[in-house]
file coords_13.txt (compact mmCIF, C-alpha atoms (C1' of nucleotides))
# COMPACT_ATOMS: atom_id res chain seq x y z
CA MET W 1 72.51 162.64 39.69
CA PRO W 2 73.83 161.65 43.11
CA LYS W 3 72.64 163.00 46.39
CA ILE W 4 68.94 163.31 45.68
CA VAL W 5 67.57 159.83 45.15
CA ASP W 6 64.24 158.41 46.23
CA HIS W 7 65.30 155.47 48.34
CA ASP W 8 61.86 153.98 48.59
CA ALA W 9 61.48 154.06 44.84
CA ARG W 10 64.81 152.29 44.43
CA ARG W 11 63.87 149.63 46.93
CA ARG W 12 60.56 149.12 45.22
CA HIS W 13 62.35 148.85 41.92
CA ILE W 14 64.63 146.16 43.32
CA ALA W 15 61.75 144.33 44.96
CA GLU W 16 59.88 144.23 41.68
CA ALA W 17 62.93 142.88 39.91
CA VAL W 18 63.05 140.12 42.51
CA HIS W 19 59.40 139.39 41.79
CA ARG W 20 60.06 139.06 38.08
CA VAL W 21 62.99 136.73 38.64
CA ILE W 22 60.95 134.52 40.98
CA HIS W 23 58.08 134.50 38.52
CA GLY W 24 60.26 133.69 35.54
CA LYS W 25 62.90 131.32 36.85
CA GLY W 26 61.86 130.43 40.36
CA MET W 27 63.17 131.21 43.80
CA ASP W 28 66.36 129.17 43.27
CA SER W 29 67.41 131.52 40.50
CA VAL W 30 67.29 134.60 42.66
CA SER W 31 70.82 135.92 43.02
CA LEU W 32 72.23 139.38 43.49
CA ARG W 33 73.62 139.33 39.96
CA GLU W 34 70.40 138.07 38.39
CA VAL W 35 68.28 140.63 40.23
CA ALA W 36 70.70 143.45 39.40
CA ALA W 37 70.53 142.53 35.72
CA GLU W 38 66.74 142.33 35.85
CA ALA W 39 66.58 145.70 37.58
CA GLY W 40 68.92 147.21 35.02
CA MET W 41 71.46 148.29 37.55
CA SER W 42 74.90 147.17 38.64
CA MET W 43 75.41 144.68 41.40
CA GLY W 44 77.08 147.33 43.50
CA ALA W 45 74.03 149.57 43.29
CA VAL W 46 71.79 146.78 44.51
CA GLN W 47 74.17 146.11 47.37
CA TYR W 48 74.00 149.76 48.32
CA TYR W 49 70.28 149.47 49.06
CA VAL W 50 70.27 145.92 50.28
CA THR W 51 73.10 144.61 52.42
CA THR W 52 72.32 140.93 52.14
CA LYS W 53 70.43 138.51 49.96
CA GLU W 54 68.12 137.55 52.78
CA GLN W 55 67.21 141.19 53.31
CA MET W 56 66.51 141.51 49.60
CA LEU W 57 64.09 138.61 49.74
CA LEU W 58 62.39 140.04 52.82
CA LEU W 59 61.99 143.33 51.00
CA ALA W 60 60.37 141.55 48.07
CA LEU W 61 58.12 139.59 50.41
CA GLU W 62 56.92 142.68 52.25
CA ARG W 63 56.25 144.41 48.96
CA ILE W 64 54.07 141.55 47.74
CA GLY W 65 52.07 141.68 50.95
CA ILE W 66 51.51 145.40 50.59
CA TRP W 67 50.57 145.02 46.95
CA ILE W 68 47.97 142.33 47.63
CA GLY W 69 46.58 144.26 50.57
CA GLU W 70 46.09 147.34 48.42
CA ARG W 71 44.40 145.38 45.67
CA VAL W 72 41.97 143.77 48.11
CA ALA W 73 41.17 147.10 49.75
CA VAL W 74 40.39 148.72 46.41
CA VAL W 75 38.16 145.91 45.21
CA ALA W 76 36.36 145.48 48.52
CA ALA W 77 35.57 149.19 48.68
CA ARG W 78 33.72 148.97 45.40
CA GLN W 79 31.10 146.49 46.64
CA SER W 80 27.72 147.24 48.11
CA THR W 81 26.65 144.25 50.23
CA PRO W 82 28.80 142.28 52.70
CA LEU W 83 28.44 139.12 50.65
CA ASP W 84 29.65 140.98 47.59
CA VAL W 85 32.66 142.18 49.56
CA LEU W 86 33.39 138.64 50.65
CA ARG W 87 33.09 137.25 47.16
CA ALA W 88 35.09 140.04 45.56
CA THR W 89 37.85 139.69 48.14
CA MET W 90 38.14 135.98 47.53
CA LEU W 91 38.14 136.44 43.77
CA GLU W 92 40.92 138.97 44.13
CA LEU W 93 43.07 136.41 45.90
CA LEU W 94 42.62 133.72 43.25
CA PRO W 95 44.73 133.34 40.10
CA LEU W 96 41.98 134.31 37.69
CA ASP W 97 44.01 136.41 35.30
CA GLU W 98 47.64 137.02 34.46
CA GLU W 99 48.31 139.57 37.14
CA ARG W 100 46.71 137.54 39.89
CA SER W 101 48.58 134.46 38.69
CA TYR W 102 51.74 136.51 38.83
CA LEU W 103 51.05 137.51 42.42
CA ASN W 104 50.15 134.00 43.46
CA ARG W 105 53.17 132.39 41.86
CA ILE W 106 55.39 134.64 43.89
CA GLY W 107 53.26 134.14 46.95
CA LEU W 108 53.54 130.38 46.69
CA ALA W 109 57.30 130.59 46.24
CA PHE W 110 57.56 132.59 49.45
CA GLN W 111 55.16 130.24 51.16
CA ALA W 112 57.55 127.36 50.55
CA SER W 113 60.59 129.45 51.31
CA SER W 114 59.08 130.57 54.62
CA VAL W 115 58.98 127.01 55.86
CA VAL W 116 62.77 127.09 56.02
CA SER W 117 63.45 130.77 56.74
CA GLU W 118 62.09 131.96 60.05
CA ASN W 119 62.48 135.62 59.12
CA GLN W 120 60.29 135.14 56.10
CA ALA W 121 57.79 133.16 58.14
CA VAL W 122 57.51 136.07 60.55
CA ALA W 123 56.85 138.48 57.70
CA MET W 124 54.35 136.03 56.25
CA ARG W 125 52.45 135.85 59.51
CA MET W 126 51.96 139.63 59.66
CA GLY W 127 49.15 139.94 57.16
CA TYR W 128 47.27 136.79 58.04
CA PRO W 129 45.29 137.84 61.14
CA VAL W 130 44.31 141.11 59.48
CA LEU W 131 42.85 139.36 56.47
CA LEU W 132 41.17 136.67 58.54
CA SER W 133 39.44 139.09 60.87
CA PHE W 134 38.34 141.15 57.89
CA LEU W 135 36.79 138.07 56.28
CA ALA W 136 35.11 137.05 59.53
CA GLU W 137 33.74 140.54 59.98
CA GLN W 138 32.26 140.58 56.50
CA PHE W 139 30.86 137.12 57.09
CA ARG W 140 29.10 138.32 60.23
CA ALA W 141 27.76 141.36 58.43
CA ALA W 142 26.38 139.13 55.70
CA GLN W 143 24.70 137.02 58.35
CA THR W 144 23.15 140.09 59.96
CA ALA W 145 21.93 141.20 56.54
CA GLY W 146 20.35 137.80 56.06
CA GLN W 147 22.60 136.88 53.16
CA LEU W 148 24.35 134.00 54.87
CA ALA W 149 22.98 131.40 57.26
CA ALA W 150 22.94 132.68 60.83
CA HIS W 151 23.88 129.39 62.46
CA LEU W 152 27.33 129.29 60.89
CA ASN W 153 30.45 130.16 62.89
CA ALA W 154 31.87 133.21 61.14
CA ASP W 155 35.42 132.78 62.47
CA GLU W 156 35.66 129.18 61.35
CA GLU W 157 34.02 129.96 58.03
CA ALA W 158 36.55 132.70 57.41
CA ARG W 159 39.41 130.30 58.04
CA ILE W 160 37.85 127.69 55.82
CA LEU W 161 37.25 130.24 53.11
CA TYR W 162 40.84 131.39 53.08
CA ALA W 163 42.26 127.88 53.32
CA PHE W 164 40.05 126.89 50.41
CA ALA W 165 41.39 129.81 48.41
CA GLN W 166 44.98 128.91 49.16
CA GLY W 167 44.41 125.32 48.17
CA ILE W 168 42.82 126.40 44.93
CA VAL W 169 45.80 128.61 44.26
CA ASN W 170 48.16 125.67 44.70
CA ALA W 171 46.09 123.43 42.47
CA THR W 172 45.61 126.03 39.78
CA LEU W 173 49.27 126.96 39.57
CA VAL W 174 50.18 123.31 39.14
CA GLY W 175 47.67 123.18 36.30
CA HIS W 176 44.56 121.51 37.65
CA TYR W 177 41.92 124.15 37.17
CA THR W 178 40.94 126.80 34.67
CA PRO W 179 39.89 130.25 35.89
CA GLU W 180 36.28 129.41 35.05
CA GLU W 181 36.31 126.29 37.20
CA VAL W 182 37.87 128.24 40.05
CA ALA W 183 35.20 130.93 40.00
CA ALA W 184 32.44 128.34 39.74
CA LEU W 185 33.86 126.45 42.71
CA LEU W 186 33.93 129.58 44.85
CA ASP W 187 30.36 130.41 43.93
CA TYR W 188 29.24 126.87 44.70
CA HIS W 189 30.86 127.10 48.10
CA LEU W 190 29.27 130.45 48.92
CA ALA W 191 25.85 129.42 47.61
CA ARG W 192 25.88 126.50 50.01
CA LEU W 193 26.29 128.91 52.92
CA ARG W 194 23.36 131.08 51.96
CA ALA W 195 20.52 131.78 54.35
CA GLY W 196 17.15 130.17 53.80
CA MET O 1 79.94 93.69 46.58
CA PRO O 2 79.64 94.70 42.93
CA LYS O 3 77.37 93.11 40.42
CA ILE O 4 74.45 92.20 42.65
CA VAL O 5 72.87 95.41 43.89
CA ASP O 6 69.22 96.23 44.38
CA HIS O 7 68.80 99.26 42.17
CA ASP O 8 65.35 100.13 43.45
CA ALA O 9 66.61 100.11 47.01
CA ARG O 10 69.47 102.41 46.09
CA ARG O 11 67.16 104.82 44.32
CA ARG O 12 64.82 104.81 47.27
CA HIS O 13 67.76 105.48 49.54
CA ILE O 14 68.78 108.47 47.42
CA ALA O 15 65.21 109.76 47.22
CA GLU O 16 64.89 109.64 50.97
CA ALA O 17 68.14 111.53 51.36
CA VAL O 18 66.71 114.20 49.08
CA HIS O 19 63.63 114.34 51.28
CA ARG O 20 65.71 114.86 54.38
CA VAL O 21 67.71 117.64 52.75
CA ILE O 22 64.56 119.41 51.58
CA HIS O 23 63.01 119.05 55.00
CA GLY O 24 66.06 120.27 56.84
CA LYS O 25 67.49 123.01 54.66
CA GLY O 26 64.97 123.63 51.92
CA MET O 27 64.83 122.97 48.22
CA ASP O 28 67.58 125.51 47.48
CA SER O 29 70.04 123.45 49.47
CA VAL O 30 69.52 120.32 47.43
CA SER O 31 72.75 119.60 45.58
CA LEU O 32 74.39 116.41 44.42
CA ARG O 33 77.08 116.81 47.05
CA GLU O 34 74.65 117.55 49.86
CA VAL O 35 72.42 114.61 48.97
CA ALA O 36 75.38 112.27 48.60
CA ALA O 37 76.60 113.24 52.04
CA GLU O 38 73.13 112.81 53.50
CA ALA O 39 72.81 109.41 51.84
CA GLY O 40 76.23 108.38 53.16
CA MET O 41 77.61 107.66 49.73
CA SER O 42 80.07 109.28 47.38
CA MET O 43 78.98 111.75 44.76
CA GLY O 44 80.03 109.36 42.05
CA ALA O 45 77.76 106.65 43.39
CA VAL O 46 74.80 109.02 43.35
CA GLN O 47 75.64 109.98 39.79
CA TYR O 48 75.68 106.33 38.85
CA TYR O 49 72.01 105.96 39.73
CA VAL O 50 70.90 109.43 38.77
CA THR O 51 72.33 111.13 35.72
CA THR O 52 71.14 114.63 36.45
CA LYS O 53 69.96 116.77 39.33
CA GLU O 54 66.55 117.24 37.75
CA GLN O 55 66.12 113.48 37.49
CA MET O 56 67.08 113.17 41.13
CA LEU O 57 64.38 115.63 42.12
CA LEU O 58 61.82 113.84 39.99
CA LEU O 59 62.74 110.58 41.68
CA ALA O 60 62.22 112.17 45.08
CA LEU O 61 58.92 113.66 43.97
CA GLU O 62 57.57 110.35 42.70
CA ARG O 63 58.63 108.66 45.91
CA ILE O 64 56.73 111.15 48.02
CA GLY O 65 53.62 110.58 45.94
CA ILE O 66 53.86 106.84 46.36
CA TRP O 67 54.49 107.19 50.07
CA ILE O 68 51.46 109.40 50.66
CA GLY O 69 49.28 107.17 48.50
CA GLU O 70 50.24 104.13 50.54
CA ARG O 71 49.56 105.89 53.82
CA VAL O 72 46.13 107.01 52.69
CA ALA O 73 45.24 103.54 51.42
CA VAL O 74 46.20 101.93 54.71
CA VAL O 75 44.27 104.39 56.84
CA ALA O 76 41.20 104.40 54.61
CA ALA O 77 41.01 100.61 54.66
CA ARG O 78 40.73 100.65 58.43
CA GLN O 79 37.47 102.64 58.49
CA SER O 80 33.95 101.31 58.56
CA THR O 81 31.61 104.00 57.20
CA PRO O 82 32.17 106.21 54.11
CA LEU O 83 32.21 109.33 56.24
CA ASP O 84 34.87 107.79 58.45
CA VAL O 85 36.92 107.04 55.35
CA LEU O 86 36.56 110.61 54.19
CA ARG O 87 37.54 112.05 57.53
CA ALA O 88 40.44 109.68 58.03
CA THR O 89 41.76 110.37 54.55
CA MET O 90 41.69 114.10 55.11
CA LEU O 91 43.34 113.78 58.51
CA GLU O 92 46.06 111.70 56.93
CA LEU O 93 46.85 114.53 54.52
CA LEU O 94 47.12 117.19 57.20
CA PRO O 95 50.27 118.02 59.21
CA LEU O 96 48.98 116.69 62.50
CA ASP O 97 52.12 115.03 63.73
CA GLU O 98 55.81 115.03 62.97
CA GLU O 99 55.70 112.53 60.14
CA ARG O 100 52.78 114.19 58.40
CA SER O 101 54.47 117.57 58.81
CA TYR O 102 57.57 116.05 57.26
CA LEU O 103 55.60 114.84 54.26
CA ASN O 104 53.79 118.12 53.85
CA ARG O 105 56.91 120.24 54.11
CA ILE O 106 58.41 118.30 51.24
CA GLY O 107 55.14 118.36 49.36
CA LEU O 108 54.88 122.12 49.63
CA ALA O 109 58.46 122.54 48.45
CA PHE O 110 57.69 120.49 45.36
CA GLN O 111 54.45 122.37 44.90
CA ALA O 112 56.36 125.61 44.54
CA SER O 113 59.11 124.02 42.52
CA SER O 114 56.56 122.56 40.10
CA VAL O 115 55.37 126.00 39.15
CA VAL O 116 58.70 126.54 37.44
CA SER O 117 59.62 123.00 36.36
CA GLU O 118 57.20 121.49 33.87
CA ASN O 119 58.54 117.97 34.42
CA GLN O 120 57.76 118.21 38.09
CA ALA O 121 54.34 119.68 37.34
CA VAL O 122 53.56 116.67 35.17
CA ALA O 123 54.55 114.30 37.95
CA MET O 124 52.54 116.36 40.40
CA ARG O 125 49.44 116.11 38.26
CA MET O 126 49.53 112.31 38.18
CA GLY O 127 48.11 111.62 41.61
CA TYR O 128 45.57 114.40 41.73
CA PRO O 129 42.65 112.94 39.71
CA VAL O 130 43.00 109.62 41.51
CA LEU O 131 42.68 111.22 44.92
CA LEU O 132 39.88 113.54 43.84
CA SER O 133 37.73 110.78 42.37
CA PHE O 134 38.34 108.69 45.47
CA LEU O 135 37.14 111.53 47.68
CA ALA O 136 34.09 112.14 45.47
CA GLU O 137 33.26 108.46 45.51
CA GLN O 138 33.39 108.31 49.29
CA PHE O 139 31.35 111.48 49.48
CA ARG O 140 28.65 109.92 47.31
CA ALA O 141 28.69 106.75 49.38
CA ALA O 142 28.25 108.82 52.52
CA GLN O 143 25.30 110.54 50.91
CA THR O 144 23.74 107.21 49.98
CA ALA O 145 24.26 106.04 53.54
CA GLY O 146 22.48 109.14 54.79
CA GLN O 147 25.58 110.52 56.50
CA LEU O 148 25.97 113.60 54.31
CA ALA O 149 23.31 115.85 52.82
CA ALA O 150 21.97 114.45 49.55
CA HIS O 151 21.61 117.80 47.79
CA LEU O 152 25.35 118.51 47.78
CA ASN O 153 27.43 118.07 44.64
CA ALA O 154 29.94 115.36 45.51
CA ASP O 155 32.48 116.30 42.83
CA GLU O 156 32.58 119.92 43.87
CA GLU O 157 32.62 119.00 47.54
CA ALA O 158 35.58 116.73 46.94
CA ARG O 159 37.50 119.54 45.26
CA ILE O 160 36.63 121.95 48.03
CA LEU O 161 37.62 119.42 50.65
CA TYR O 162 41.02 118.86 49.12
CA ALA O 163 41.64 122.54 48.44
CA PHE O 164 40.72 123.27 52.04
CA ALA O 165 43.22 120.68 53.20
CA GLN O 166 45.99 122.12 51.04
CA GLY O 167 45.30 125.61 52.30
CA ILE O 168 45.41 124.39 55.88
CA VAL O 169 48.72 122.71 55.13
CA ASN O 170 50.17 125.98 53.87
CA ALA O 171 48.89 127.93 56.83
CA THR O 172 50.01 125.39 59.38
CA LEU O 173 53.52 125.06 58.00
CA VAL O 174 53.92 128.83 58.15
CA GLY O 175 52.85 128.65 61.76
CA HIS O 176 49.23 129.77 61.91
CA TYR O 177 47.51 126.74 63.36
CA THR O 178 48.11 124.06 65.95
CA PRO O 179 47.21 120.44 65.16
CA GLU O 180 44.20 120.72 67.46
CA GLU O 181 42.83 123.73 65.60
CA VAL O 182 43.34 121.96 62.30
CA ALA O 183 41.41 118.87 63.36
CA ALA O 184 38.65 121.00 64.85
CA LEU O 185 38.36 122.98 61.64
CA LEU O 186 38.01 119.83 59.55
CA ASP O 187 35.33 118.48 61.84
CA TYR O 188 33.44 121.75 61.76
CA HIS O 189 33.51 121.67 57.97
CA LEU O 190 32.27 118.09 57.77
CA ALA O 191 29.60 118.61 60.42
CA ARG O 192 28.16 121.40 58.34
CA LEU O 193 27.69 119.00 55.44
CA ARG O 194 25.80 116.41 57.49
CA ALA O 195 22.38 115.17 56.48
CA GLY O 196 19.31 116.32 58.36
C1' DT M 1 87.53 176.40 46.34
C1' DC M 2 87.72 172.42 49.03
C1' DG M 3 86.28 168.63 51.77
C1' DT M 4 82.36 165.80 52.87
C1' DT M 5 78.53 163.14 51.74
C1' DT M 6 75.82 160.29 48.62
C1' DA M 7 75.39 157.10 45.06
C1' DT M 8 77.49 153.94 42.02
C1' DC M 9 80.74 150.86 40.01
C1' DA M 10 84.30 147.23 38.94
C1' DT M 11 86.77 143.81 40.75
C1' DG M 12 88.42 140.19 43.77
C1' DC M 13 87.91 136.27 46.98
C1' DA M 14 86.74 132.03 48.74
C1' DC M 15 83.40 128.85 47.94
C1' DT M 16 79.91 125.86 45.78
C1' DC M 17 77.61 124.22 41.87
C1' DG M 18 76.38 120.43 38.09
C1' DC M 19 78.57 117.49 35.36
C1' DA M 20 82.30 114.85 32.80
C1' DT M 21 86.17 111.90 32.94
C1' DG M 22 89.40 108.22 33.83
C1' DG M 23 90.46 104.87 36.86
C1' DT M 24 89.69 100.76 40.06
C1' DA M 25 88.06 96.65 42.29
C1' DA M 26 85.03 92.90 42.54
C1' DA M 27 82.32 89.34 40.50
C1' DC M 28 81.00 86.71 36.69
C1' DG M 29 81.25 83.77 31.94
C1' DA M 30 84.20 81.55 28.80
C1' DT T 1 92.98 82.32 33.59
C1' DC T 2 91.34 86.29 31.23
C1' DG T 3 88.27 89.75 29.61
C1' DT T 4 83.88 91.86 30.26
C1' DT T 5 80.47 93.87 33.05
C1' DT T 6 78.89 96.21 37.18
C1' DA T 7 79.46 99.33 40.85
C1' DC T 8 81.92 102.92 42.68
C1' DC T 9 85.29 106.65 43.50
C1' DA T 10 88.42 110.86 43.24
C1' DT T 11 89.29 114.62 40.77
C1' DG T 12 88.93 118.51 37.72
C1' DC T 13 86.63 122.10 35.09
C1' DG T 14 84.14 126.14 34.05
C1' DA T 15 80.60 128.72 35.77
C1' DG T 16 78.14 131.05 39.22
C1' DT T 17 77.50 132.28 44.25
C1' DG T 18 77.28 135.99 48.33
C1' DC T 19 79.86 139.39 50.03
C1' DA T 20 83.82 142.80 50.85
C1' DT T 21 86.65 146.37 49.19
C1' DG T 22 88.64 150.41 47.10
C1' DA T 23 87.98 153.69 43.58
C1' DT T 24 85.06 157.28 41.35
C1' DA T 25 81.97 160.91 40.21
C1' DA T 26 78.52 164.17 41.24
C1' DA T 27 76.34 167.36 44.29
C1' DC T 28 76.31 169.96 48.33
C1' DG T 29 77.98 173.08 52.73
C1' DA T 30 81.55 175.94 54.45

call {"tool": "encode", "arguments": {"input": "coords_13.txt", "output": "structure tokens"}}
result
Amino acid sequence: MPKIVDHDARRRHIAEAVHRVIHGKGMDSVSLREVAAEAGMSMGAVQYYVTTKEQMLLLALERIGIWIGERVAVVAARQSTPLDVLRATMLELLPLDEERSYLNRIGLAFQASSVVSENQAVAMRMGYPVLLSFLAEQFRAAQTAGQLAAHLNADEEARILYAFAQGIVNATLVGHYTPEEVAALLDYHLARLRAG
Amino acid sequence: MPKIVDHDARRRHIAEAVHRVIHGKGMDSVSLREVAAEAGMSMGAVQYYVTTKEQMLLLALERIGIWIGERVAVVAARQSTPLDVLRATMLELLPLDEERSYLNRIGLAFQASSVVSENQAVAMRMGYPVLLSFLAEQFRAAQTAGQLAAHLNADEEARILYAFAQGIVNATLVGHYTPEEVAALLDYHLARLRAG
DNA sequence: TCGTTTATCATGCACTCGCATGGTAAACGA
DNA sequence: TCGTTTACCATGCGAGTGCATGATAAACGA
């Protein structure tokens, strides 16, 4: 068995174990032993791929970012109009089903953790401008297509849209909203921005 | 010294020590020893007022809620028009200066922690409906006064407003926005909802 | 065949954790 | 004056922590 091992696969495996631990018991419960057990490998094996706990968390954080990015790209590509892209992207970021709740729980845990760990904050900041400019771009396209009101500032609207989504995520994970209410709220918000 | 001691004051003192620990080193670093040291008292004394770590965290969480509620009430009372109340309330909830950043850092930590601790989630849910109905009420008053567009749904707008604020908090604490950008974004959002 | 490399493991170390316990000193009522 | 109550403290225990280390086994190149 030794010698030929897919390192990336192993790292991904570890990262996903970290995700499951965070999801199940919270960020405080993440330890090398706990993650090793969750990953079904010995602690030594985990240490072979990850030299420190902080690095392990960074790995898990990067993986979540990649995962979400891929999901958004797939969903967005399936839409026809800019407004549909915008709406579908936002819906993808909200905790509307089990998998999206899973992603957002972990995301929120890292959000809080990033406030105290600068390394994590740096990783967290990577994806943000990309997503924001994508949203703004789609917003502008929707304006050009006459789907959204032309007088609105696309850059500010994109920021508001994403902030709104993040706030809804927080509220929903604490137990304030049902998925139906969340979707309705998004649609209300977008409808208000329509052209006409 | 024994016998006559203000229990509430002691609890508040402990809660504030918890806040400082969370703010400085994060939720993971909260321990009975760390908090006792921060509070300038022995571990035994802390245990006398708080039987368990979970109870200690709940105490700190409730205190934060009370604190924020008081701040909002004070600021809101100083305004003249409903729209001013709305704007001032929102500004009070955003991390625009050191003290508001302090409050929001701790709030975000509890937000994430609540996802995993049901007791904390329950405590977290207490203040939410109160704040939301207050915002909706002010929104309606502003509509009646002709400050905000009459066709908007006040309840939904209140939810969006608060979600927006929470999302901005997240983003700002991770390092995306400056206080100036935050304030500008809020004003842009409100201006868009104006009557006329 | 042998030595090197790669992957994995078990174990140990110093430390911290939450929590329980037994003791102590000060103030009060009887 | 004495015993009870209130407030506080020091200490100990078992468990878990991140990390370092030395051993081990399998595959390869020479």

call {"tool": "closest_atom_pairs", "arguments": {"input": "coords_13.txt", "of": "chain T", "to": "chain O", "cutoff": "8 Å", "atoms": "all atoms listed in the file", "output": "CSV"}}
result
residue,atom,partner,partner_atom,distance
T:DT6,C1',O:Lys3,CA,4.7
T:DA7,C1',O:Pro2,CA,5.1
T:DC8,C1',O:Ala45,CA,5.6
T:DC9,C1',O:Gly44,CA,6.1

call {"tool": "interface_residues", "arguments": {"input": "coords_13.txt", "of": "chain M", "to": "chain O", "cutoff": "8 Å", "atoms": "all atoms listed in the file", "output": "list in words"}}
result
DC17, DG18, DA26 and DA27 of chain M

call {"tool": "residues_near_point", "arguments": {"input": "coords_13.txt", "point": "(43.6, 126.8, 38.9)", "cutoff": "10 Å", "atoms": "all atoms listed in the file", "output": "list in words"}}
result
Leu94, Pro95, Leu96, Ser101, Gly167, Ile168, Val169, Asn170, Ala171, Thr172, Leu173, Val174, Gly175, His176, Tyr177, Thr178, Pro179, Glu180, Glu181, Val182 and Ala183 of chain W

call {"tool": "residues_near_point", "arguments": {"input": "coords_13.txt", "point": "(57.9, 144.2, 41.4)", "cutoff": "12 Å", "atoms": "all atoms listed in the file", "output": "VMD selection string"}}
result
chain W and resid 9 to 23 35 38 to 39 57 59 to 68 99 102 to 103 106

call {"tool": "interface_residues", "arguments": {"input": "coords_13.txt", "of": "chain W", "to": "chain O", "cutoff": "7 Å", "atoms": "all atoms listed in the file", "output": "PyMOL selection string"}}
result
chain W and resi 25-26+28+108-109+112+114-116+121+156+160+163-168+173-174+185

call {"tool": "axis_aligned_box", "arguments": {"input": "coords_13.txt", "around": "range 148-156 of chain O", "padding_each_side": "4 Å", "output": "AutoDock Vina command-line options"}}
result
--center_x 27.1 --center_y 116.8 --center_z 48.6 --size_x 19.0 --size_y 14.3 --size_z 19.5

call {"tool": "atom_distance", "arguments": {"input": "coords_13.txt", "atom1": "C1' of DG14 in chain T", "atom2": "CA of Ala36 in chain O"}}
result
21.9 Å

call {"tool": "atom_distance", "arguments": {"input": "coords_13.txt", "atom1": "CA of Gly69 in chain W", "atom2": "CA of Ala191 in chain W"}}
result
25.7 Å

call {"tool": "atom_distance", "arguments": {"input": "coords_13.txt", "atom1": "C1' of DC28 in chain M", "atom2": "C1' of DT4 in chain T"}}
result
8.7 Å

call {"tool": "residues_around", "arguments": {"input": "coords_13.txt", "residues": "DA20 in chain M", "least_positions_apart": "2", "cutoff": "10 Å", "atoms": "only C-alpha atoms (C1' of nucleotides)", "output": "ChimeraX atom specification"}}
result
/M:18,22 /T:12-13

call {"tool": "write_last_selection", "arguments": {"input": "coords_13.txt", "atoms": "C-alpha atoms (C1' of nucleotides)", "output": "mmCIF file, keeping the file's coordinate frame"}}
result
data_model
loop_
_atom_site.group_PDB
_atom_site.id
_atom_site.type_symbol
_atom_site.label_atom_id
_atom_site.label_comp_id
_atom_site.auth_asym_id
_atom_site.auth_seq_id
_atom_site.Cartn_x
_atom_site.Cartn_y
_atom_site.Cartn_z
ATOM 1 C "C1'" DG M 18 76.380 120.430 38.090
ATOM 2 C "C1'" DG M 22 89.400 108.220 33.830
ATOM 3 C "C1'" DG T 12 88.930 118.510 37.720
ATOM 4 C "C1'" DC T 13 86.630 122.100 35.090
#

call {"tool": "closest_residue", "arguments": {"input": "coords_13.txt", "among": "T:DT17, T:DT24, T:DT1, T:DT11", "to": "DA14 in chain M", "atoms": "only C-alpha atoms (C1' of nucleotides)"}}
result
T:DT17

call {"tool": "closest_residue", "arguments": {"input": "coords_13.txt", "among": "O:Ala141, O:Ala195, O:Leu148, O:Ala76", "to": "Leu91 in chain O", "atoms": "all atoms listed in the file"}}
result
O:Ala76

call {"tool": "decode", "arguments": {"input": "coords_13.txt", "residues": "range 2-22 of chain M", "atoms": "C-alpha atoms (C1' of nucleotides)", "output": "PDB file, in the first residue's frame"}}
result
ATOM      1  C1'  DC M   2      19.897  -4.272   0.154  1.00  0.00           C
ATOM      2  C1'  DG M   3      19.215   0.414   1.376  1.00  0.00           C
ATOM      3  C1'  DT M   4      16.183   4.285   0.725  1.00  0.00           C
ATOM      4  C1'  DT M   5      11.867   6.370   0.550  1.00  0.00           C
ATOM      5  C1'  DT M   6       6.986   6.679   1.690  1.00  0.00           C
ATOM      6  C1'  DA M   7       3.250   5.996   4.624  1.00  0.00           C
ATOM      7  C1'  DT M   8       1.570   4.737   9.000  1.00  0.00           C
ATOM      8  C1'  DC M   9       1.348   3.765  13.809  1.00  0.00           C
ATOM      9  C1'  DA M  10       1.726   3.671  18.988  1.00  0.00           C
ATOM     10  C1'  DT M  11       3.258   5.999  22.638  1.00  0.00           C
ATOM     11  C1'  DG M  12       4.918   9.636  25.631  1.00  0.00           C
ATOM     12  C1'  DC M  13       5.118  14.398  27.432  1.00  0.00           C
ATOM     13  C1'  DA M  14       3.836  18.511  29.393  1.00  0.00           C
ATOM     14  C1'  DC M  15      -0.136  20.954  29.827  1.00  0.00           C
ATOM     15  C1'  DT M  16      -4.990  22.343  30.346  1.00  0.00           C
ATOM     16  C1'  DC M  17      -9.632  21.233  31.044  1.00  0.00           C
ATOM     17  C1'  DG M  18     -14.281  21.026  33.962  1.00  0.00           C
ATOM     18  C1'  DC M  19     -15.613  19.836  38.168  1.00  0.00           C
ATOM     19  C1'  DA M  20     -15.699  18.025  43.083  1.00  0.00           C
ATOM     20  C1'  DT M  21     -14.088  18.328  47.675  1.00  0.00           C
ATOM     21  C1'  DG M  22     -12.719  19.842  52.210  1.00  0.00           C
TER      22       DG M  22
END
